[in-house]
Amino acid sequence: MIHEKVAAIIDKYEGDHESLIMMLQDMQDSFRYLPEEALRYLGERLDIPMTQLYAVATFYKAFSLTPQGDHTIHVCCGTACHVKGADRIVDRLERELHVKEGGTTLDKRYTLKTVRCVGACSLAPIVLIDEQAHGRLTQDKAAKLVRPKKTA
Ligand code: FES
């Protein structure tokens with residue numbers, strides 16, 4: 001399965017080394033991270049050493065070598081958000097999700113990350129879940145955002 005997907009991506013770019021970044025981007029989109037097996041297969045097919053692939057994969061922030069959740073939570077830890085308690089929101093989300101910053105929940109639903117100022121300081125403290133911004137958060141409100149919705 002992994003090999004088939006990577007083979008299709010290689011074919012799409014006709015195995016052109018100049019398109020390596022695009023191939024990695026497609027792999028990232030397809031698997032939501034860059035599995036070692038996928039990188040190994042890509043390297044074998046294109047005759048690119050793993051060290052080179054890892055160097056590229058770790059250089060660009062868009063790539064991840066660990067599995068990512070369905071949704072990414074970015075807690076802003078810029079100055080304004082920090083002053084308004086961003087650290088406590090990170091702590092609360094870590095406890096709520098049972099995951100450390102940078103990690104992914106066991107059910108693969110969320111990946112928790114921190115970022116520098118996202119440019120909406122008047123809404124501090126702010127959390128982004130995927131592209132959706134949630135401003136003026138309290139710890140409790142942040143925790144509620146990630147709890148499974150109760151169905152009636
Ligand atoms: S510091 Fe968080 S939005 Fe600016």
# chains A, B, ... in the order shown; residues from 1 in each chain; ligands from 1

call {"tool": "residues_near_ligand", "arguments": {"ligand": "ligand 1", "cutoff": "12 Å", "atoms": "only C-alpha atoms and all ligand atoms", "output": "ChimeraX atom specification"}}
result
/A:74-87,114-128,133-137

call {"tool": "write_last_selection", "arguments": {"atoms": "C-alpha atoms", "output": "tab-separated table (two decimals), in the first residue's frame"}}
result
chain	number	residue	atom	x	y	z
A	74	HIS	CA	-1.60	25.55	17.36
A	75	VAL	CA	-1.45	27.40	20.66
A	76	CYS	CA	-0.03	30.86	20.10
A	77	CYS	CA	2.81	31.53	22.53
A	78	GLY	CA	3.79	34.95	21.21
A	79	THR	CA	4.29	37.77	23.71
A	80	ALA	CA	0.67	38.97	23.96
A	81	CYS	CA	-0.68	35.44	24.30
A	82	HIS	CA	2.08	34.52	26.74
A	83	VAL	CA	1.12	37.48	28.95
A	84	LYS	CA	-2.50	36.33	28.84
A	85	GLY	CA	-1.71	32.79	29.94
A	86	ALA	CA	-0.83	30.78	26.83
A	87	ASP	CA	1.44	28.51	28.90
A	114	THR	CA	2.86	25.90	19.75
A	115	VAL	CA	3.61	28.80	17.44
A	116	ARG	CA	4.88	32.35	17.65
A	117	CYS	CA	2.49	35.27	17.19
A	118	VAL	CA	-0.24	34.46	14.68
A	119	GLY	CA	-1.03	38.15	14.18
A	120	ALA	CA	-4.26	38.45	16.14
A	121	CYS	CA	-2.91	39.77	19.44
A	122	SER	CA	-6.14	41.61	20.31
A	123	LEU	CA	-7.74	38.16	20.64
A	124	ALA	CA	-5.04	36.82	23.00
A	125	PRO	CA	-4.78	34.15	24.16
A	126	ILE	CA	-5.55	32.42	20.90
A	127	VAL	CA	-5.60	28.84	19.68
A	128	LEU	CA	-5.94	27.69	16.08
A	133	ALA	CA	-9.11	30.69	15.28
A	134	HIS	CA	-10.46	30.65	18.82
A	135	GLY	CA	-9.65	33.83	20.73
A	136	ARG	CA	-9.80	35.14	24.29
A	137	LEU	CA	-9.65	31.61	25.59

call {"tool": "residues_around", "arguments": {"residues": "region 92-96 of chain A", "least_positions_apart": "2", "cutoff": "9 Å", "atoms": "only C-alpha atoms", "output": "JSON, numbers by chain"}}
result
{"A": [87, 88, 89, 90, 98, 99, 100, 101, 112, 139, 140, 142, 143, 146, 147]}

call {"tool": "write_last_selection", "arguments": {"atoms": "C-alpha atoms", "output": "CSV table (one decimal), in the first residue's frame"}}
result
chain,number,residue,atom,x,y,z
A,87,ASP,CA,1.4,28.5,28.9
A,88,ARG,CA,-1.5,27.5,31.1
A,89,ILE,CA,-3.6,26.7,28.0
A,90,VAL,CA,-0.8,24.5,26.7
A,98,HIS,CA,-2.8,13.2,27.4
A,99,VAL,CA,-0.1,14.3,25.0
A,100,LYS,CA,3.0,16.5,25.2
A,101,GLU,CA,3.5,19.6,23.1
A,112,LEU,CA,-0.6,19.7,19.6
A,139,GLN,CA,-8.3,27.1,30.1
A,140,ASP,CA,-11.8,25.7,30.4
A,142,ALA,CA,-9.7,25.5,25.4
A,143,ALA,CA,-10.4,22.1,27.0
A,146,VAL,CA,-11.1,19.4,22.1
A,147,ARG,CA,-13.6,17.3,24.0

call {"tool": "residues_around", "arguments": {"residues": "Gly43 (chain A)", "least_positions_apart": "5", "cutoff": "12 Å", "atoms": "only C-alpha atoms", "output": "PyMOL selection string"}}
result
chain A and resi 3+6-7+10+15+17+20+23-24+36-38+48-54
